[in-house]
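Encoded as structure tokens, the structure appears first; notes follow it.
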Amino acid sequence: MNVKHKLAYVFSLAFASITYAETPLLNVEVNANKTKENTSNLIQTKKYTKAKEKVKKSLINKLTSSGGGNVFQALELLPSVNFQTQDPYGLSGGQITIRGFNNNQIGLTLDGMPLMDSGNYALYPNEYMDLENLEAETITRGGTGKASPLYSDLGGKIALRTIPPNNKLGLELEQIFGSYAFEKSFVRLDSGLLPLMNSKFFISFSHAQADKWKGPGQNPKFRDHVAFGWVANLDRLHIDFYMDENDQVNYYYRGLTYQQAQNLSAYKNFDYNGNLTGNPAVDQYYYKFFHNPYQNYEFRGNISFDATKNLYFELKPYYWRGRGGGSYAYYNGKYINYGVSYNYTKRPGFIAQAVFHTHPFKITAGFWYERADLENFSTNFKLNNFSNGNYNTTFNYYGYIDKVYTTTQTPYAIFDLKDFHGFDFELGLKYAQVKRDYKEFNTNNLPYLPDDDIYNYPLTINPSQSYIRTYRKFLPSINIGYKINKYLYPYFNYAKNFQVPASYQGSPPKGTTIQQIIDNLSPEQADSYDVGINITLGSFLIKPDIYYVDYKNKIVYFTEPNNPNITYPQSVGKVKAYGGELEILGSLMKNLSIVSSLSYNRAKFENGYYSGSTYLNVTGNQLPNTPKYMGKLGLDYKLYGFDIFPYLIYESSRYGDSTNTQEIPSYVVANLNISRDFNIFGKKFYGFLNVLNLTNKTYIGYIGTGNTSGIYYVAPPITISAGIRAYF
């Protein structure tokens with residue numbers, strides 16, 4: 001049964017259940033965590049004892065209405081956040097850096113479920129959910145809370161929260177069209193309150209597709225997303241369950257060398273080839289050789305039981321299943337080698353905690369368990385003997401086959417004191433325990449087996465490439481805030497964050513095993529300090545913050561000078577990061593409000609390291625892809641019922657390499673969102689127009705960093721999209 005047939009079946013059951021619904025026994029509050037600290041209708045930041053903001057639904061709509069699929073887009077106006085994507089709709093993924101920490105050093109959760117890749121910590125922000133279903137997105141820069149189920153959060157954390165099912169029966173429909181043949185359709189059905197278990201549910205489906213803005217192929221060819229949520233209230237027992245399924249296929253954009261990036265007038269439209277010619281030196285860049293199909297499922301729940309007035313227990317089970325891979329090709333002088341790298345993950349886990357609260361105290365004791373099963377393998381094929389417009393394809397070899405079990409058993413405790421004579425205080429401690437069991441298999445003389453059937457073949461383990469190691473670390477945190485008066489609220493935050501080394505450890509030199517290499521690696525760790533103050537002046541919130549991060553045991557990969565096939569990790573020492581941030585939110589006049597931020601970020605190497613046989617004297621250099629200065633300004637103006645939201649983003653120059661020899665110029669990009677709520681025959685509608693890169697500026701928007709060179713991607717040109725959302 002395909003996705004659309006499954007959707008029709010579930011909708012038919014939904015309508016049937018609504019038909020027989022009766023008056024509920026108990027009303028359900030769908031947003032139990034609603035706060036009264038709403039200082040802006042776009043961003044909430046007041047009374048956080050750390051560098052933390054919650055982006056609200058209204059701003060999510062303005063920043064993501066072009067595509068509605070990339071969770072990073074909603075954060076790009078916040079300080080020290082550098083969001084980059086290769087396509088205008090964010091559906092190719094993208095990356096984010098925060099205070100110099102890159103994409104795989106930032107934790108991400110969805111309804112409390114961890115969503116980083118368990119092996120290399122990669123984030124896939126286009127796959128997790130439809131932003132039409134996103135209630136709020138909270139970002140913590142620097143020190144994170146110790147209840148977070150993360151074993152990689154050096155630079156902070158992003159938390160996503162799904163919009164719960166509505167109390168009333170409702171249907172939401174959305175249609176968007178845009179530049180480059182973009183279209184997205186979205187539908188969501190809410191059941192309203194039902195008599196069975198005093199419950200309610202929603203189900204949604206979306207389909208999106210677009211051509212690449214340059215070159216052949218589509219990005220995405222399709223993106224089909226199904227989501228389901230169910231909530232029940234049984235007196236003292238509360239149950240949440242959510243599910244998302246995403247199916248997607250993207251064709252890649254081709255990156256530029258640094259030399260090409262210096263001449264964007266000639267290379268801004270440079271991309272993969274649209275046709276095969278029979279010349280393998282040319283055809284190795286055929287666009288169909290570079291694509292990425294992937295499917296994932298995210299199941300998560302929250303079972304909460306109020307044992308007494310002051311004590312409740314929570315159990316948050318989850319399961320993540322992902323299957324897919326990316327393809328590549330290169331010409332070796334004899335034939336084109338076409339390869340596919342596969343990544344299959346099964347990731348069950350749970351978070352259990354007990355919470356005792358009596359004003360002004362709250363004590364939390366919890367435990368996080370997870371066992372992630374990750375399969376990585378690559379297949380390679382020979383493409384030769386071109387005829388009839390195509391190449392003959394024969395299986396060549398398996399590049400690698402491995403299986404990784406990552407087991408986490410992590411207790412934590414938090415003592416929380418709220419509004420005690422003006423003080424807010426939180427002390428947290430987590431004892432992280434992460435075990436890696438990495439098995440690398442021999443690949444010689446193996447037959448080709450489709451999909452992951454190769455794991456059913458009698459494989460033999462390569463002992464020199466396999467290892468087992470358990471990492472243990474105490475991770476404390478402390479947050480202090482004090483309400484001096486209604487105008488001033490200073491705070492201090494300290495936390496120790498860490499990151500376990502990635503599962504893949506390269507190819508060791510002869511006579512050395514991966515076990516020996518991994519035994520000499522320590523987890524990367526960052527001690528983060530923040531001092532800031534919330535200043536409330538009438539309708540304005542002004543929030544300056546200064547930070548310092550002591551980042552130790554940074555890991556890079558060392559390549560043997562006489563054999564580039566021998567690569568393994570090494571700890572290169574320290575990085576110091578420090579800077580300042582300033583946010584200003586509020587109303588300039590009755591119909592005009594402002595969202596703005598300024599950032600200064602200095603993240604520098606404290607020592608050099610070897611790359612191959614070359615010693616890189618990078619001491620004092622800025623970390624790659626880290627602009628020192630960023631400025632963001634958004635103005636929300638209401639005029640004759642329209643909501644007009646222009647916003648500017650400035651980023652100073654940055655480097656694509658650690659040696660700081662490949663500098664990319666600064667840029668300013670302007671965007672515009674215009675929206676309006678209106679009613680037709682008593683039904684609510686929401687229309688919007690979105691324009692990205694309003695001035696059609698050509699610049700480098702995305703960088704794949706390296707030690708001595710980077711890969712550079714041109715930012716998309718002006719992109720216009722428009723849509724309408726209806727509520728019934």
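Following the order of the structure tokens, chains are lettered A, B, ..., residues in each are numbered from 1, and ligands are numbered from 1.
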For Ile363 (chain A), please output as JSON, numbers by chain all residues within 10 Å (counting only C-alpha atoms; exclusion window: fewer than 3 positions along the same chain).
{"A": [311, 354, 355, 356, 357, 358, 413, 414, 415, 416, 417, 426, 427, 428]}
Nearest residue to Pro523 (chain A) out of A:Val404, A:Leu639, A:Leu78, A:Leu154, using only C-alpha atoms?
A:Leu154
Write out as a PyMOL selection string all residues of region 255-298 of chain A that backbone DSSP assigns to helix (DSSP H, G or I).
chain A and resi 258-261+264-267+280-283+287-289
Contacts of His225 (chain A) at 12 Å (only C-alpha atoms; same-chain gap of 4+ positions) as a VMD selection string
chain A and resid 3 to 4 6 to 7 68 to 69 126 to 133 184 to 188 203 to 209 243 to 248 294 to 298
I'd like the interatomic distance between CA of Lys483 (chain A) and CA of Leu582 (chain A), to a tenth of an Å.
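Distance between the two atoms: 19.4 Å.
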May I have a table of the residues of region 685-710 of chain A lying at most 8 Å from region 602-625 of chain A, giving each one's closest pair of atoms and their distance in Å to one decimal, counting only C-alpha atoms, ordered by chain and ascending residue number, as a tab-separated table?
```
residue	atom	partner	partner_atom	distance
A:Ile703	CA	A:Asn625	CA	6.8
A:Thr705	CA	A:Pro624	CA	6.3
A:Gly706	CA	A:Pro624	CA	7.8
A:Asn707	CA	A:Ser611	CA	7.3
```
Taking C-alpha atoms for each residue, export the selection above as a PDB file, in the first residue's frame.
```pdb
ATOM      1  CA  ILE A 703      30.475  26.064   2.307  1.00  0.00           C
ATOM      2  CA  THR A 705      34.835  23.192   4.841  1.00  0.00           C
ATOM      3  CA  GLY A 706      38.240  21.496   4.812  1.00  0.00           C
ATOM      4  CA  ASN A 707      41.723  21.735   6.297  1.00  0.00           C
TER       5      ASN A 707
END
```
Any idea what's packed within 10 Å of Lys486 (chain A), counting only C-alpha atoms, ignoring anything in its chain fewer than 2 positions away? Could you give it as a ChimeraX atom specification?
/A:483-484,488-489,535-537
Test item: residues at most 8 Å from Asn601 (chain A), only C-alpha atoms, excluding those fewer than 6 positions along its chain, as a list in words
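With the cut-off at 8 Å, the set is Ser80, Arg99, Gly100, Ala577, Tyr578, Gly579, Gly580, Thr626, Pro627, Lys628 and Tyr629 of chain A.
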Let me see the file: selected residues, all heavy atoms, as a PDB file, in the first residue's frame.
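Result file again_9.pdb:
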```pdb
ATOM      1  N   SER A  80      24.132  34.854  16.308  1.00  0.00           N
ATOM      2  CA  SER A  80      25.178  33.829  16.177  1.00  0.00           C
ATOM      3  C   SER A  80      24.737  32.594  15.412  1.00  0.00           C
ATOM      4  O   SER A  80      25.443  31.585  15.399  1.00  0.00           O
ATOM      5  CB  SER A  80      25.719  33.404  17.556  1.00  0.00           C
ATOM      6  OG  SER A  80      26.308  34.500  18.214  1.00  0.00           O
ATOM      7  N   ARG A  99      27.888  30.002  16.956  1.00  0.00           N
ATOM      8  CA  ARG A  99      29.091  30.412  17.695  1.00  0.00           C
ATOM      9  C   ARG A  99      30.329  29.649  17.242  1.00  0.00           C
ATOM     10  O   ARG A  99      31.221  29.351  18.045  1.00  0.00           O
ATOM     11  CB  ARG A  99      28.886  30.248  19.196  1.00  0.00           C
ATOM     12  CG  ARG A  99      27.806  31.125  19.789  1.00  0.00           C
ATOM     13  CD  ARG A  99      27.658  30.875  21.293  1.00  0.00           C
ATOM     14  NE  ARG A  99      26.741  31.835  21.918  1.00  0.00           N
ATOM     15  CZ  ARG A  99      26.431  31.845  23.201  1.00  0.00           C
ATOM     16  NH1 ARG A  99      26.972  30.931  24.001  1.00  0.00           N
ATOM     17  NH2 ARG A  99      25.607  32.731  23.704  1.00  0.00           N
ATOM     18  N   GLY A 100      30.387  29.275  15.968  1.00  0.00           N
ATOM     19  CA  GLY A 100      31.537  28.559  15.439  1.00  0.00           C
ATOM     20  C   GLY A 100      31.406  27.058  15.460  1.00  0.00           C
ATOM     21  O   GLY A 100      32.213  26.360  14.842  1.00  0.00           O
ATOM     22  N   ALA A 577      36.589  30.038  22.015  1.00  0.00           N
ATOM     23  CA  ALA A 577      35.525  30.795  21.360  1.00  0.00           C
ATOM     24  C   ALA A 577      34.955  31.790  22.351  1.00  0.00           C
ATOM     25  O   ALA A 577      34.708  31.453  23.507  1.00  0.00           O
ATOM     26  CB  ALA A 577      34.433  29.853  20.852  1.00  0.00           C
ATOM     27  N   TYR A 578      34.772  33.003  21.905  1.00  0.00           N
ATOM     28  CA  TYR A 578      34.181  34.015  22.761  1.00  0.00           C
ATOM     29  C   TYR A 578      33.498  35.054  21.877  1.00  0.00           C
ATOM     30  O   TYR A 578      33.762  35.157  20.670  1.00  0.00           O
ATOM     31  CB  TYR A 578      35.233  34.675  23.658  1.00  0.00           C
ATOM     32  CG  TYR A 578      36.425  35.246  22.925  1.00  0.00           C
ATOM     33  CD1 TYR A 578      36.410  36.543  22.404  1.00  0.00           C
ATOM     34  CD2 TYR A 578      37.573  34.484  22.744  1.00  0.00           C
ATOM     35  CE1 TYR A 578      37.501  37.061  21.736  1.00  0.00           C
ATOM     36  CE2 TYR A 578      38.673  34.990  22.075  1.00  0.00           C
ATOM     37  CZ  TYR A 578      38.639  36.280  21.567  1.00  0.00           C
ATOM     38  OH  TYR A 578      39.717  36.787  20.894  1.00  0.00           O
ATOM     39  N   GLY A 579      32.607  35.812  22.482  1.00  0.00           N
ATOM     40  CA  GLY A 579      31.913  36.806  21.690  1.00  0.00           C
ATOM     41  C   GLY A 579      30.812  37.483  22.462  1.00  0.00           C
ATOM     42  O   GLY A 579      30.626  37.275  23.668  1.00  0.00           O
ATOM     43  N   GLY A 580      30.078  38.296  21.733  1.00  0.00           N
ATOM     44  CA  GLY A 580      28.971  39.025  22.318  1.00  0.00           C
ATOM     45  C   GLY A 580      27.773  39.025  21.398  1.00  0.00           C
ATOM     46  O   GLY A 580      27.914  38.954  20.161  1.00  0.00           O
ATOM     47  N   THR A 626      32.883  30.513   9.909  1.00  0.00           N
ATOM     48  CA  THR A 626      32.450  31.239  11.105  1.00  0.00           C
ATOM     49  C   THR A 626      32.639  32.733  10.888  1.00  0.00           C
ATOM     50  O   THR A 626      33.737  33.266  11.086  1.00  0.00           O
ATOM     51  CB  THR A 626      33.254  30.791  12.336  1.00  0.00           C
ATOM     52  OG1 THR A 626      33.134  29.376  12.502  1.00  0.00           O
ATOM     53  CG2 THR A 626      32.749  31.480  13.596  1.00  0.00           C
ATOM     54  N   PRO A 627      31.599  33.439  10.438  1.00  0.00           N
ATOM     55  CA  PRO A 627      31.730  34.893  10.288  1.00  0.00           C
ATOM     56  C   PRO A 627      31.905  35.560  11.651  1.00  0.00           C
ATOM     57  O   PRO A 627      31.227  35.206  12.613  1.00  0.00           O
ATOM     58  CB  PRO A 627      30.412  35.298   9.628  1.00  0.00           C
ATOM     59  CG  PRO A 627      29.461  34.198   9.947  1.00  0.00           C
ATOM     60  CD  PRO A 627      30.268  32.947  10.060  1.00  0.00           C
ATOM     61  N   LYS A 628      32.806  36.528  11.724  1.00  0.00           N
ATOM     62  CA  LYS A 628      33.007  37.231  12.992  1.00  0.00           C
ATOM     63  C   LYS A 628      31.811  38.110  13.330  1.00  0.00           C
ATOM     64  O   LYS A 628      31.466  38.268  14.508  1.00  0.00           O
ATOM     65  CB  LYS A 628      34.274  38.087  12.933  1.00  0.00           C
ATOM     66  CG  LYS A 628      35.571  37.300  13.023  1.00  0.00           C
ATOM     67  CD  LYS A 628      36.751  38.258  13.106  1.00  0.00           C
ATOM     68  CE  LYS A 628      38.067  37.505  13.198  1.00  0.00           C
ATOM     69  NZ  LYS A 628      39.234  38.427  13.272  1.00  0.00           N
ATOM     70  N   TYR A 629      31.205  38.693  12.309  1.00  0.00           N
ATOM     71  CA  TYR A 629      30.119  39.637  12.551  1.00  0.00           C
ATOM     72  C   TYR A 629      28.865  39.187  11.803  1.00  0.00           C
ATOM     73  O   TYR A 629      28.926  38.781  10.636  1.00  0.00           O
ATOM     74  CB  TYR A 629      30.506  41.041  12.082  1.00  0.00           C
ATOM     75  CG  TYR A 629      31.753  41.575  12.730  1.00  0.00           C
ATOM     76  CD1 TYR A 629      32.983  41.492  12.083  1.00  0.00           C
ATOM     77  CD2 TYR A 629      31.709  42.158  13.995  1.00  0.00           C
ATOM     78  CE1 TYR A 629      34.139  41.975  12.671  1.00  0.00           C
ATOM     79  CE2 TYR A 629      32.860  42.646  14.594  1.00  0.00           C
ATOM     80  CZ  TYR A 629      34.076  42.554  13.926  1.00  0.00           C
ATOM     81  OH  TYR A 629      35.218  43.029  14.520  1.00  0.00           O
TER      82      TYR A 629
END
```
Residues within 9 Å of Trp368 (chain A), only C-alpha atoms, excluding chain neighbours under 5 positions, as a ChimeraX atom specification:
/A:147-149,349-353,408-412
Could you save those same residues with N, CA and C atoms as an mmCIF file, in the first residue's frame?
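Below is the file part.cif, written as the result:
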```cif
data_model
loop_
_atom_site.group_PDB
_atom_site.id
_atom_site.type_symbol
_atom_site.label_atom_id
_atom_site.label_comp_id
_atom_site.auth_asym_id
_atom_site.auth_seq_id
_atom_site.Cartn_x
_atom_site.Cartn_y
_atom_site.Cartn_z
ATOM 1 N N ALA A 147 18.886 17.296 31.127
ATOM 2 C CA ALA A 147 17.857 16.311 30.794
ATOM 3 C C ALA A 147 17.831 16.008 29.299
ATOM 4 N N SER A 148 18.655 16.692 28.516
ATOM 5 C CA SER A 148 18.654 16.507 27.066
ATOM 6 C C SER A 148 19.251 15.147 26.700
ATOM 7 N N PRO A 149 18.559 14.345 25.872
ATOM 8 C CA PRO A 149 19.068 13.026 25.482
ATOM 9 C C PRO A 149 20.039 13.131 24.314
ATOM 10 N N GLY A 349 14.725 3.721 21.978
ATOM 11 C CA GLY A 349 15.209 4.245 23.239
ATOM 12 C C GLY A 349 14.069 4.764 24.083
ATOM 13 N N PHE A 350 14.405 5.215 25.281
ATOM 14 C CA PHE A 350 13.393 5.828 26.134
ATOM 15 C C PHE A 350 14.068 6.762 27.136
ATOM 16 N N ILE A 351 13.286 7.706 27.636
ATOM 17 C CA ILE A 351 13.675 8.586 28.722
ATOM 18 C C ILE A 351 12.648 8.399 29.825
ATOM 19 N N ALA A 352 13.094 8.106 31.023
ATOM 20 C CA ALA A 352 12.191 7.938 32.172
ATOM 21 C C ALA A 352 12.621 8.897 33.265
ATOM 22 N N GLN A 353 11.647 9.568 33.850
ATOM 23 C CA GLN A 353 12.012 10.499 34.911
ATOM 24 C C GLN A 353 10.880 10.647 35.921
ATOM 25 N N THR A 408 23.487 3.710 25.037
ATOM 26 C CA THR A 408 23.559 4.821 25.981
ATOM 27 C C THR A 408 22.797 4.463 27.248
ATOM 28 N N GLN A 409 23.454 4.615 28.394
ATOM 29 C CA GLN A 409 22.820 4.429 29.696
ATOM 30 C C GLN A 409 23.238 5.613 30.569
ATOM 31 N N THR A 410 22.380 6.621 30.613
ATOM 32 C CA THR A 410 22.769 7.908 31.166
ATOM 33 C C THR A 410 21.765 8.388 32.206
ATOM 34 N N PRO A 411 22.128 8.360 33.488
ATOM 35 C CA PRO A 411 21.265 8.971 34.518
ATOM 36 C C PRO A 411 21.542 10.471 34.628
ATOM 37 N N TYR A 412 20.550 11.203 35.123
ATOM 38 C CA TYR A 412 20.724 12.634 35.323
ATOM 39 C C TYR A 412 19.837 13.092 36.473
#
```
Out of A:Tyr529, A:Phe423, A:Phe83, A:Tyr398, which residue has the shortest atom-to-atom distance to Phe441 (chain A) when counting only C-alpha atoms?
A:Tyr398
With a distance cut-off of 8 Å and only C-alpha atoms, select the neighbouring residues of Arg436 (chain A), excluding the residue or stretch itself and same-chain residues fewer than 2 positions from it, and output the selection as a list in words.
Val404, Tyr405, Thr406, Thr407, Val434, Tyr438, Tyr467, Ile468, Arg469, Thr470 and Ser503 of chain A
Just the strand (DSSP E) stuff from region 479-655 of chain A, please, per backbone DSSP, written as a ChimeraX atom specification.
/A:479-482,488-499,524-537,540-560,563-589,592-605,609-611,614-616,629-639,642-651,654-655
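When CA of Pro447 (chain A) is paired with CA of Ala372 (chain A), their separation reads 27.4 Å.
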